[in-house]
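Colleague: Structure supplied as start.txt; contents: compact mmCIF, C-alpha atoms and all ligand atoms.
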# COMPACT_ATOMS: atom_id res chain seq x y z
CA MET A 711 0.00 0.00 0.00
CA ASP A 712 1.21 3.57 -0.68
CA THR A 713 1.39 5.90 2.29
CA PRO A 714 -2.02 5.37 3.90
CA ALA A 715 -4.36 8.34 4.25
CA ILE A 716 -4.88 7.30 7.88
CA LYS A 717 -2.77 5.05 10.06
CA LEU A 718 -3.82 4.18 13.61
CA SER A 719 -1.26 2.39 15.78
CA GLY A 720 -1.99 0.89 19.19
CA LEU A 721 -4.78 3.42 19.64
CA ARG A 722 -6.48 3.46 23.05
CA LYS A 723 -8.84 5.73 24.92
CA SER A 724 -10.12 5.36 28.47
CA PHE A 725 -12.72 7.53 30.16
CA GLY A 726 -12.11 6.82 33.83
CA ALA A 727 -12.76 3.11 34.24
CA VAL A 728 -14.37 2.77 30.79
CA GLU A 729 -12.02 1.55 28.08
CA ALA A 730 -13.83 2.99 25.05
CA VAL A 731 -11.09 2.06 22.57
CA ALA A 732 -8.96 -0.90 23.56
CA GLY A 733 -6.06 -1.01 21.11
CA ILE A 734 -6.68 -0.43 17.40
CA ASP A 735 -4.25 -0.86 14.51
CA LEU A 736 -5.63 0.17 11.15
CA GLU A 737 -4.56 1.56 7.79
CA ILE A 738 -7.03 3.32 5.48
CA ALA A 739 -5.92 3.91 1.88
CA ASP A 740 -6.10 7.17 -0.03
CA GLY A 741 -9.46 7.55 -1.77
CA GLU A 742 -11.06 4.67 0.09
CA PHE A 743 -14.70 4.61 1.23
CA PHE A 744 -14.09 3.02 4.62
CA SER A 745 -16.83 2.20 7.13
CA MET A 746 -16.64 1.61 10.84
CA LEU A 747 -19.56 -0.65 11.71
CA GLY A 748 -20.55 -1.76 15.18
CA PRO A 749 -23.24 -1.59 17.85
CA SER A 750 -23.83 1.49 19.97
CA GLY A 751 -21.05 1.93 22.53
CA SER A 752 -18.42 -0.10 20.62
CA GLY A 753 -16.04 2.89 20.32
CA LYS A 754 -16.62 4.10 16.75
CA THR A 755 -17.25 7.76 17.55
CA THR A 756 -14.32 7.87 19.94
CA VAL A 757 -11.99 6.61 17.18
CA LEU A 758 -13.38 9.20 14.79
CA ARG A 759 -12.90 11.97 17.35
CA MET A 760 -9.28 10.90 17.88
CA ILE A 761 -8.68 11.05 14.11
CA ALA A 762 -10.24 14.53 14.01
CA GLY A 763 -8.31 15.70 17.07
CA PHE A 764 -11.31 16.34 19.36
CA GLU A 765 -10.09 13.63 21.73
CA THR A 766 -6.52 12.85 22.87
CA PRO A 767 -5.57 9.15 22.87
CA THR A 768 -4.64 7.50 26.16
CA ALA A 769 -2.04 5.58 24.15
CA GLY A 770 -1.04 5.08 20.53
CA THR A 771 -0.72 7.35 17.52
CA VAL A 772 -2.73 8.82 14.65
CA ALA A 773 -0.91 9.51 11.37
CA LEU A 774 -2.49 11.34 8.42
CA GLY A 775 -0.73 11.01 5.06
CA GLY A 776 2.36 9.67 6.82
CA ARG A 777 2.57 12.51 9.35
CA ASP A 778 2.09 11.91 13.08
CA VAL A 779 -0.72 14.28 14.12
CA THR A 780 -1.47 12.75 17.54
CA ARG A 781 -0.61 15.96 19.42
CA LEU A 782 -1.99 18.42 16.86
CA ALA A 783 -5.18 20.47 17.31
CA PRO A 784 -8.18 19.73 15.05
CA PHE A 785 -7.61 22.80 12.85
CA GLU A 786 -4.03 21.66 12.16
CA ARG A 787 -5.29 18.41 10.61
CA ASP A 788 -6.42 18.04 7.02
CA VAL A 789 -9.76 16.47 7.96
CA ASN A 790 -13.37 17.60 8.21
CA THR A 791 -16.26 16.01 10.09
CA VAL A 792 -19.94 15.73 9.14
CA PHE A 793 -22.18 15.01 12.10
CA GLN A 794 -25.63 13.48 12.22
CA ASP A 795 -27.31 16.68 13.43
CA TYR A 796 -25.93 18.77 10.48
CA ALA A 797 -25.21 21.82 12.73
CA LEU A 798 -26.20 24.31 10.01
CA PHE A 799 -26.73 28.00 10.82
CA PRO A 800 -30.50 28.50 10.50
CA HIS A 801 -30.35 32.27 9.86
CA MET A 802 -27.90 31.91 6.95
CA SER A 803 -28.70 30.92 3.38
CA VAL A 804 -27.36 27.67 1.97
CA LEU A 805 -24.62 29.56 0.14
CA GLU A 806 -23.61 31.48 3.28
CA ASN A 807 -23.53 28.24 5.27
CA VAL A 808 -21.21 26.63 2.75
CA GLU A 809 -18.99 29.73 2.45
CA TYR A 810 -18.74 30.27 6.19
CA GLY A 811 -15.60 28.20 6.87
CA LEU A 812 -13.75 29.84 4.00
CA LYS A 813 -14.76 33.28 5.26
CA VAL A 814 -13.37 32.48 8.71
CA ARG A 815 -10.13 31.44 7.03
CA LYS A 816 -10.09 34.76 5.15
CA VAL A 817 -10.37 33.28 1.66
CA ALA A 818 -11.10 36.10 -0.82
CA ARG A 819 -14.77 36.66 -1.67
CA LYS A 820 -14.54 35.67 -5.32
CA GLU A 821 -12.73 32.41 -4.68
CA ARG A 822 -15.06 31.72 -1.76
CA ARG A 823 -18.10 32.06 -3.98
CA ALA A 824 -16.62 29.91 -6.74
CA ARG A 825 -15.64 27.11 -4.37
CA ALA A 826 -18.99 27.17 -2.56
CA LEU A 827 -20.89 26.91 -5.84
CA ASP A 828 -18.60 24.08 -6.88
CA ALA A 829 -19.24 22.22 -3.61
CA LEU A 830 -22.99 22.72 -3.96
CA SER A 831 -22.89 21.34 -7.47
CA SER A 832 -20.93 18.27 -6.31
CA VAL A 833 -23.79 17.46 -3.88
CA ARG A 834 -26.39 18.27 -6.58
CA LEU A 835 -27.85 21.36 -4.92
CA GLU A 836 -27.55 23.89 -7.75
CA GLY A 837 -30.40 26.39 -7.51
CA PHE A 838 -30.73 26.11 -3.71
CA GLU A 839 -28.14 28.82 -2.91
CA ALA A 840 -30.63 31.34 -1.47
CA ARG A 841 -32.71 28.85 0.56
CA LYS A 842 -32.62 28.80 4.35
CA PRO A 843 -31.96 25.37 5.90
CA GLY A 844 -35.38 25.45 7.60
CA ALA A 845 -37.06 25.38 4.18
CA MET A 846 -35.33 22.20 3.07
CA SER A 847 -35.91 18.48 3.54
CA GLY A 848 -33.72 16.34 5.80
CA GLY A 849 -31.87 14.87 2.83
CA GLN A 850 -31.20 18.31 1.36
CA ARG A 851 -29.94 19.65 4.70
CA GLN A 852 -27.62 16.65 4.96
CA ARG A 853 -26.22 17.52 1.55
CA VAL A 854 -25.64 21.13 2.61
CA ALA A 855 -23.68 19.82 5.59
CA LEU A 856 -21.67 17.67 3.21
CA ALA A 857 -21.00 20.63 0.87
CA ARG A 858 -19.86 22.68 3.84
CA ALA A 859 -17.24 20.03 4.61
CA LEU A 860 -16.24 19.42 0.98
CA VAL A 861 -15.68 23.13 0.33
CA ASN A 862 -12.54 22.94 2.48
CA ARG A 863 -11.18 20.23 0.17
CA PRO A 864 -9.96 18.08 3.03
CA LYS A 865 -7.85 14.98 2.35
CA VAL A 866 -10.14 13.03 4.66
CA LEU A 867 -13.83 13.38 5.45
CA LEU A 868 -15.17 11.83 8.65
CA LEU A 869 -18.90 11.08 8.73
CA ASP A 870 -20.50 10.06 12.03
CA GLU A 871 -23.87 8.37 11.35
CA PRO A 872 -24.73 11.16 8.89
CA LEU A 873 -27.88 9.45 7.60
CA GLY A 874 -29.21 8.43 11.00
CA ALA A 875 -31.91 11.09 11.13
CA LEU A 876 -33.38 10.27 7.71
CA ASP A 877 -36.28 7.91 7.05
CA LEU A 878 -35.55 4.59 5.37
CA LYS A 879 -36.38 5.53 1.75
CA LEU A 880 -34.35 8.72 1.86
CA ARG A 881 -31.52 6.97 3.65
CA GLU A 882 -31.28 4.34 0.92
CA GLN A 883 -31.29 7.04 -1.74
CA MET A 884 -28.59 9.03 0.09
CA GLN A 885 -26.45 5.88 0.45
CA VAL A 886 -26.23 5.61 -3.32
CA GLU A 887 -25.66 9.37 -3.72
CA LEU A 888 -22.97 9.56 -1.05
CA LYS A 889 -21.06 6.75 -2.73
CA GLU A 890 -21.31 8.57 -6.09
CA ILE A 891 -20.21 11.86 -4.56
CA GLN A 892 -17.23 10.18 -2.91
CA ARG A 893 -16.23 8.63 -6.23
CA ASP A 894 -16.53 12.03 -7.95
CA VAL A 895 -14.49 14.03 -5.43
CA GLY A 896 -11.97 11.24 -4.72
CA ILE A 897 -11.64 12.14 -1.02
CA THR A 898 -11.05 9.44 1.61
CA PHE A 899 -14.33 8.89 3.48
CA VAL A 900 -14.48 7.32 6.93
CA PHE A 901 -18.11 6.52 7.56
CA VAL A 902 -19.43 5.49 10.97
CA THR A 903 -22.66 3.51 11.18
CA HIS A 904 -24.42 0.88 13.27
CA ASP A 905 -26.44 -0.20 10.21
CA GLN A 906 -24.96 -3.24 8.51
CA ASP A 907 -26.90 -2.77 5.25
CA GLU A 908 -25.54 0.75 4.99
CA ALA A 909 -21.94 -0.39 5.57
CA LEU A 910 -22.23 -3.26 3.08
CA THR A 911 -23.87 -1.08 0.42
CA MET A 912 -21.44 1.81 0.40
CA SER A 913 -17.99 0.69 1.45
CA ASP A 914 -14.80 -0.42 -0.22
CA ARG A 915 -13.85 -1.95 3.15
CA VAL A 916 -15.52 -2.30 6.52
CA ALA A 917 -14.09 -2.56 10.04
CA VAL A 918 -16.45 -4.36 12.41
CA PHE A 919 -16.17 -2.97 15.95
CA ASP A 920 -16.77 -5.15 18.99
CA ASP A 921 -16.34 -3.59 22.43
CA GLY A 922 -13.53 -1.14 21.65
CA ARG A 923 -11.69 -3.48 19.31
CA ILE A 924 -11.83 -4.30 15.62
CA ALA A 925 -13.10 -7.85 15.20
CA GLN A 926 -12.52 -7.93 11.43
CA VAL A 927 -11.50 -5.68 8.54
CA GLY A 928 -12.37 -6.62 4.98
CA THR A 929 -14.45 -5.95 1.90
CA PRO A 930 -18.23 -6.17 2.41
CA GLU A 931 -18.12 -9.57 0.76
CA GLU A 932 -15.34 -10.83 3.05
CA VAL A 933 -17.00 -9.80 6.30
CA TYR A 934 -20.34 -11.18 5.14
CA GLU A 935 -19.18 -14.43 3.51
CA GLN A 936 -16.19 -15.17 5.79
CA PRO A 937 -16.96 -13.75 9.24
CA ALA A 938 -13.89 -13.99 11.48
CA THR A 939 -15.75 -14.32 14.79
CA PRO A 940 -19.21 -15.38 15.98
CA PHE A 941 -19.84 -11.72 16.82
CA VAL A 942 -19.19 -10.64 13.21
CA ALA A 943 -21.33 -13.50 11.89
CA GLY A 944 -24.22 -12.37 14.10
CA PHE A 945 -23.85 -8.60 13.69
CA VAL A 946 -23.32 -8.47 9.92
CA GLY A 947 -26.51 -10.05 8.66
CA THR A 948 -28.40 -12.95 10.15
CA SER A 949 -26.37 -16.02 10.84
CA ASN A 950 -27.11 -19.57 11.81
CA LEU A 951 -24.40 -20.84 14.12
CA LEU A 952 -23.84 -24.57 14.36
CA THR A 953 -21.84 -25.60 17.42
CA GLY A 954 -21.21 -28.57 19.69
CA SER A 955 -23.23 -31.72 19.04
CA VAL A 956 -25.13 -29.98 16.21
CA SER A 957 -21.96 -29.26 14.24
CA GLU A 958 -20.76 -32.81 14.88
CA ALA A 959 -24.05 -34.22 13.59
CA LEU A 960 -24.44 -31.92 10.56
CA VAL A 961 -20.89 -30.89 9.60
CA GLY A 962 -19.22 -34.03 10.91
CA LYS A 963 -16.66 -32.01 12.88
CA LYS A 964 -16.31 -30.12 16.16
CA GLY A 965 -16.15 -26.34 16.00
CA THR A 966 -18.33 -23.33 15.29
CA TYR A 967 -19.79 -22.96 11.82
CA SER A 968 -21.90 -20.24 10.23
CA ILE A 969 -24.42 -20.62 7.45
CA ARG A 970 -26.41 -17.71 6.03
CA PRO A 971 -30.22 -18.01 5.77
CA GLU A 972 -30.27 -17.41 2.00
CA LYS A 973 -27.86 -20.31 1.44
CA ILE A 974 -30.38 -22.80 2.83
CA SER A 975 -33.35 -24.13 0.83
CA LEU A 976 -36.43 -26.10 1.71
CA VAL A 977 -36.47 -29.37 -0.19
CA ALA A 978 -39.07 -32.12 -0.54
CA ASP A 979 -36.91 -34.74 1.10
CA GLY A 980 -33.36 -36.02 1.38
CA GLY A 981 -32.02 -33.05 3.33
CA VAL A 982 -31.62 -32.26 7.02
CA PRO A 983 -34.93 -32.89 8.83
CA GLY A 984 -36.65 -30.35 11.03
CA THR A 985 -39.96 -28.72 11.90
CA VAL A 986 -41.16 -25.26 10.85
CA ALA A 987 -41.66 -23.17 14.00
CA GLU A 988 -42.51 -19.88 12.33
CA VAL A 989 -43.24 -18.46 8.88
CA ILE A 990 -42.67 -14.74 8.34
CA TYR A 991 -43.89 -13.34 5.03
CA ALA A 992 -41.88 -10.21 4.10
CA GLY A 993 -42.93 -9.32 0.53
CA PRO A 994 -40.03 -10.31 -1.74
CA VAL A 995 -38.88 -13.06 0.64
CA THR A 996 -40.31 -15.37 3.27
CA ARG A 997 -38.34 -16.28 6.41
CA PHE A 998 -38.78 -19.70 7.96
CA VAL A 999 -37.65 -20.48 11.49
CA VAL A 1000 -36.90 -24.18 11.59
CA ASP A 1001 -36.11 -26.41 14.58
CA LEU A 1002 -33.70 -29.06 13.35
CA ASP A 1003 -34.09 -32.58 14.67
CA ALA A 1004 -30.34 -32.38 15.41
CA GLY A 1005 -31.07 -29.66 17.97
CA ALA A 1006 -30.43 -26.15 16.55
CA ARG A 1007 -32.91 -23.48 15.49
CA VAL A 1008 -32.06 -21.96 12.09
CA THR A 1009 -33.51 -19.25 9.89
CA VAL A 1010 -34.09 -19.93 6.19
CA VAL A 1011 -34.85 -17.22 3.63
CA GLU A 1012 -36.63 -18.12 0.40
CA GLN A 1013 -37.30 -15.76 -2.52
CA ASN A 1014 -41.03 -15.51 -3.24
CA GLN A 1015 -40.72 -16.23 -6.93
CA ARG A 1016 -43.51 -18.72 -7.49
CA THR A 1017 -45.16 -19.53 -4.20
CA SER A 1018 -48.20 -17.81 -2.76
CA SER A 1019 -48.12 -16.57 0.82
CA ALA A 1020 -51.05 -18.79 1.80
CA ALA A 1021 -49.23 -21.95 0.73
CA LEU A 1022 -46.15 -20.87 2.70
CA THR A 1023 -48.03 -20.03 5.89
CA GLU A 1024 -49.51 -23.50 5.90
CA LEU A 1025 -46.03 -24.91 6.49
CA ARG A 1026 -46.08 -23.74 10.12
CA GLY A 1027 -45.81 -26.76 12.42
CA LYS A 1028 -45.05 -29.10 9.50
CA PRO A 1029 -41.95 -31.28 9.05
CA VAL A 1030 -39.50 -30.04 6.38
CA HIS A 1031 -36.11 -30.93 4.97
CA LEU A 1032 -33.33 -28.40 4.54
CA SER A 1033 -30.49 -28.49 2.09
CA TRP A 1034 -27.31 -26.43 1.65
CA ARG A 1035 -24.02 -26.74 -0.15
CA SER A 1036 -21.05 -27.72 1.97
CA GLU A 1037 -18.96 -24.76 0.72
CA HIS A 1038 -21.53 -22.40 2.27
CA VAL A 1039 -20.82 -23.76 5.73
CA ILE A 1040 -18.11 -21.38 6.98
CA GLU A 1041 -15.86 -22.38 9.82
CA ILE A 1042 -15.40 -19.49 12.23
CA PRO A 1043 -11.67 -19.54 12.97
CA SER A 1044 -11.32 -17.57 16.18
CA ALA A 1045 -14.16 -19.51 17.76
CA LYS A 1046 -12.28 -22.69 16.92
CA GLU A 1047 -9.09 -21.27 18.46
CA ASN A 1048 -11.06 -20.42 21.59
CA ILE A 1049 -12.42 -23.95 21.81
CA ASP A 1050 -8.97 -25.46 21.15
CA ALA A 1051 -7.42 -23.22 23.79
CA ALA A 1052 -10.07 -24.07 26.38
P1 LIG A 1101 -20.15 4.34 19.49
O1 LIG A 1101 -19.88 5.54 18.69
O2 LIG A 1101 -19.67 3.07 18.87
O3 LIG A 1101 -21.58 4.23 19.91
P2 LIG A 1101 -18.61 5.67 21.57
O4 LIG A 1101 -17.24 5.84 21.01
O5 LIG A 1101 -19.49 6.86 21.55
O6 LIG A 1101 -19.31 4.42 20.86
O7 LIG A 1101 -18.50 5.18 23.07
C1 LIG A 1101 -17.71 4.08 23.48
C2 LIG A 1101 -17.77 3.97 24.99
O8 LIG A 1101 -17.13 5.07 25.58
C3 LIG A 1101 -19.19 3.94 25.56
O9 LIG A 1101 -19.20 3.07 26.66
C4 LIG A 1101 -19.40 5.38 25.99
O10 LIG A 1101 -20.32 5.44 27.04
C5 LIG A 1101 -18.01 5.78 26.45
N1 LIG A 1101 -17.76 7.22 26.26
C6 LIG A 1101 -17.68 7.87 25.08
N2 LIG A 1101 -17.40 9.18 25.28
C7 LIG A 1101 -17.29 9.35 26.61
C8 LIG A 1101 -17.00 10.48 27.46
N3 LIG A 1101 -16.76 11.69 26.95
N4 LIG A 1101 -16.97 10.27 28.79
C9 LIG A 1101 -17.19 9.04 29.31
N5 LIG A 1101 -17.47 7.95 28.59
C10 LIG A 1101 -17.51 8.09 27.25
MG MG A 1102 -21.27 6.97 17.95
Now that the file is in, can you turn its structure into structure tokens?
Modeller:
Amino acid sequence: MDTPAIKLSGLRKSFGAVEAVAGIDLEIADGEFFSMLGPSGSGKTTVLRMIAGFETPTAGTVALGGRDVTRLAPFERDVNTVFQDYALFPHMSVLENVEYGLKVRKVARKERRARALDALSSVRLEGFEARKPGAMSGGQRQRVALARALVNRPKVLLLDEPLGALDLKLREQMQVELKEIQRDVGITFVFVTHDQDEALTMSDRVAVFDDGRIAQVGTPEEVYEQPATPFVAGFVGTSNLLTGSVSEALVGKKGTYSIRPEKISLVADGGVPGTVAEVIYAGPVTRFVVDLDAGARVTVVEQNQRTSSAALTELRGKPVHLSWRSEHVIEIPSAKENIDAA
């Protein structure tokens, strides 16, 4: 890798007795769309604030573009942050909001105007220059906040749950737009979210946070298809974990194995026997909760291509057979190490 845009080494942060960040080593490449995914309280925001300089690490270093910035103030770092609550000035027009940072830094009026218009066009808000934030939708306000950060042309943009306040439809639309904007401007994005769909949809790579540590870093496909720990398997998507006597019966080996619901199908016979405990119709797909005779409860997802919902619902309480391909049964390595070590 060339000099990484961001390099975190042995990064830690404690608040009194709480160890919010418990030792993180990470390199993020120039121009990458990188997501930090994890449940609430797993340390994502604290890492972001240490990159931005709002928080001083208890131990470890932050380097930006190869330069150690650990002791530098936020304004001495070539990064900008976009927060969930936008923090726009309500009395200023959109254009004034976007120009504000440049004005503070005494950029000449003409250049200020040109750069602000350029930033507004990159977030597709031409024609909104005179609007006040109060007269805009949530998605539009979010884009103003983005323009206000982009206008500074930072090397790195930090985004802390920026779509969290939007409703689902708008959020999905903004996910696609944000990814396009990032590709256009070529800036390194570090995107914090607790929403696994969002992280998988937008990112070049994802770091999955678990209790102040990174459990796994990889492409969306890697963390979904090859989860490194049971936590990752359970947090990124729905997972069926086969352990103990169940894995011995079904996989033929000891250990912990993960199989995704969409990799399992209901078959007429010849597969693994079980009983349907629950049928959940969800439009394009139906989810079946099945109690295997071998002892585990698994979730199966079937596309609703041919079947009618009535026929599916009738399966509740009925015996079924499940089938999957052996290559879709993923051994979870660190769980195996834990079992071996115990
Ligand atoms: P996330 O963004 O993943 O939800 P945070 O980084 O905000 O997680 O928080 C990680 C942990 O650190 C939590 O237990 C949180 O309560 C604690 N924490 C964060 N900031 C502070 C603070 N300023 N003072 C005390 N505890 C904090
Ligand atoms: Mg947070």
Colleague: Separation of CA of Met802 (chain A) and CA of Phe838 (chain A), in Å?
Modeller: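 We find that CA of Met802 (chain A) and CA of Phe838 (chain A) lie 12.5 Å from each other.
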Colleague: Please return, as a PDB file with C-alpha atoms, in the frame of the given file, all polymer residues that have at least one atom within 10 Å of the point (-36.7, -24.1, 0.2); use only C-alpha atoms and the file's own coordinate frame.
Modeller:
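Now in out29.pdb:
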ATOM      1  CA  GLU A 972     -30.270 -17.410   2.000  1.00  0.00           C
ATOM      2  CA  LYS A 973     -27.860 -20.310   1.440  1.00  0.00           C
ATOM      3  CA  ILE A 974     -30.380 -22.800   2.830  1.00  0.00           C
ATOM      4  CA  SER A 975     -33.350 -24.130   0.830  1.00  0.00           C
ATOM      5  CA  LEU A 976     -36.430 -26.100   1.710  1.00  0.00           C
ATOM      6  CA  VAL A 977     -36.470 -29.370  -0.190  1.00  0.00           C
ATOM      7  CA  ALA A 978     -39.070 -32.120  -0.540  1.00  0.00           C
ATOM      8  CA  THR A 996     -40.310 -15.370   3.270  1.00  0.00           C
ATOM      9  CA  PHE A 998     -38.780 -19.700   7.960  1.00  0.00           C
ATOM     10  CA  VAL A1010     -34.090 -19.930   6.190  1.00  0.00           C
ATOM     11  CA  VAL A1011     -34.850 -17.220   3.630  1.00  0.00           C
ATOM     12  CA  GLU A1012     -36.630 -18.120   0.400  1.00  0.00           C
ATOM     13  CA  GLN A1013     -37.300 -15.760  -2.520  1.00  0.00           C
ATOM     14  CA  VAL A1030     -39.500 -30.040   6.380  1.00  0.00           C
ATOM     15  CA  HIS A1031     -36.110 -30.930   4.970  1.00  0.00           C
ATOM     16  CA  LEU A1032     -33.330 -28.400   4.540  1.00  0.00           C
ATOM     17  CA  SER A1033     -30.490 -28.490   2.090  1.00  0.00           C
ATOM     18  CA  TRP A1034     -27.310 -26.430   1.650  1.00  0.00           C
TER      19      TRP A1034
END
Colleague: CA of Lys963 (chain A) and CA of Val986 (chain A), how far apart in Å?
Modeller: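 According to the coordinates, CA of Val986 (chain A) and CA of Lys963 (chain A) are separated by 25.5 Å.
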Colleague: Name the closest residue to Tyr967 (chain A) among the candidates A:Val1008, A:Ala826, A:Ala739, A:Ile1040; distances are taken between atoms, counting all atoms listed in the file.
Modeller: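 Between A:Val1008, A:Ala826, A:Ala739, A:Ile1040, the residue approaching Tyr967 (chain A) most closely is A:Ile1040.
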Colleague: Between A:Arg915, A:His801, A:Arg1026, A:His904, which residue has the minimum interatomic distance to ligand LIG 1101 (chain A), considering all atoms listed in the file?
Modeller: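 Among A:Arg915, A:His801, A:Arg1026, A:His904, it is A:His904 that comes nearest to ligand LIG 1101 (chain A).
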Colleague: Could I get the residues of chain A with an atom no further than 9 Å from an atom of ligand LIG 1101 (chain A), each paired with its nearest atom pair and that distance in Å to one decimal, using only C-alpha atoms and all ligand atoms, sorted by chain and residue number, as a tab-separated table?
Modeller:
residue	atom	partner	partner_atom	distance
A:Lys723	CA	A:LIG1101	O8	8.3
A:Ser724	CA	A:LIG1101	O8	7.6
A:Phe725	CA	A:LIG1101	C9	4.8
A:Gly726	CA	A:LIG1101	C9	7.2
A:Ala727	CA	A:LIG1101	N5	8.8
A:Val728	CA	A:LIG1101	O8	6.3
A:Glu729	CA	A:LIG1101	O8	6.7
A:Ala730	CA	A:LIG1101	O8	3.9
A:Val731	CA	A:LIG1101	C1	7.0
A:Met746	CA	A:LIG1101	O2	8.7
A:Leu747	CA	A:LIG1101	O2	8.1
A:Gly748	CA	A:LIG1101	O2	6.1
A:Pro749	CA	A:LIG1101	O2	6.0
A:Ser750	CA	A:LIG1101	O3	3.5
A:Gly751	CA	A:LIG1101	O6	3.5
A:Ser752	CA	A:LIG1101	O2	3.8
A:Gly753	CA	A:LIG1101	O4	3.3
A:Lys754	CA	A:LIG1101	O2	3.9
A:Thr755	CA	A:LIG1101	O1	3.6
A:Thr756	CA	A:LIG1101	O4	3.7
A:Val757	CA	A:LIG1101	O4	6.5
A:Leu758	CA	A:LIG1101	O4	8.1
A:Arg759	CA	A:LIG1101	O4	8.4
A:Glu765	CA	A:LIG1101	N3	8.7
A:Asp870	CA	A:LIG1101	O1	8.1
A:Glu871	CA	A:LIG1101	O1	8.8
A:Val902	CA	A:LIG1101	O1	7.7
A:Thr903	CA	A:LIG1101	O1	8.3
A:His904	CA	A:LIG1101	O2	7.7
A:Phe919	CA	A:LIG1101	O2	7.6
A:Asp920	CA	A:LIG1101	O2	8.7
A:Asp921	CA	A:LIG1101	C1	7.9
A:Gly922	CA	A:LIG1101	C1	6.9
Colleague: Please write out, as JSON, where the centre of an axis-aligned box around all listed atoms of region 866-872 of chain A lies and how long its edges are, in Å to one decimal, after adding 6 Å on each side.
Modeller:
{"center_x": -17.4, "center_y": 10.9, "center_z": 8.3, "size_x": 26.6, "size_y": 17.0, "size_z": 19.4}
Colleague: Between A:Asn1014, A:Thr948, A:Gln852, A:Ser831, which is the closest to Asp894 (chain A) once you count only C-alpha atoms?
Modeller: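 Smallest separation from Asp894 (chain A) among the options: A:Ser831.
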Colleague: Which is closest to ligand MG 1102 (chain A) among A:Gly947, A:Pro1043, A:Gly993, A:Pro872, if we use all atoms listed in the file?
Modeller: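 Among A:Gly947, A:Pro1043, A:Gly993, A:Pro872, it is A:Pro872 that comes nearest to ligand MG 1102 (chain A).
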Colleague: Using all atoms listed in the file, which protein or nucleic acid residues come within 10 Å of region 883-891 of chain A? Drop anything in the same chain fewer than 2 positions from it, and give the result as number ranges by chain.
Modeller: A: 743, 832-834, 849-850, 852-853, 856, 872-873, 876, 878-881, 893-897, 899, 907-909, 911-914
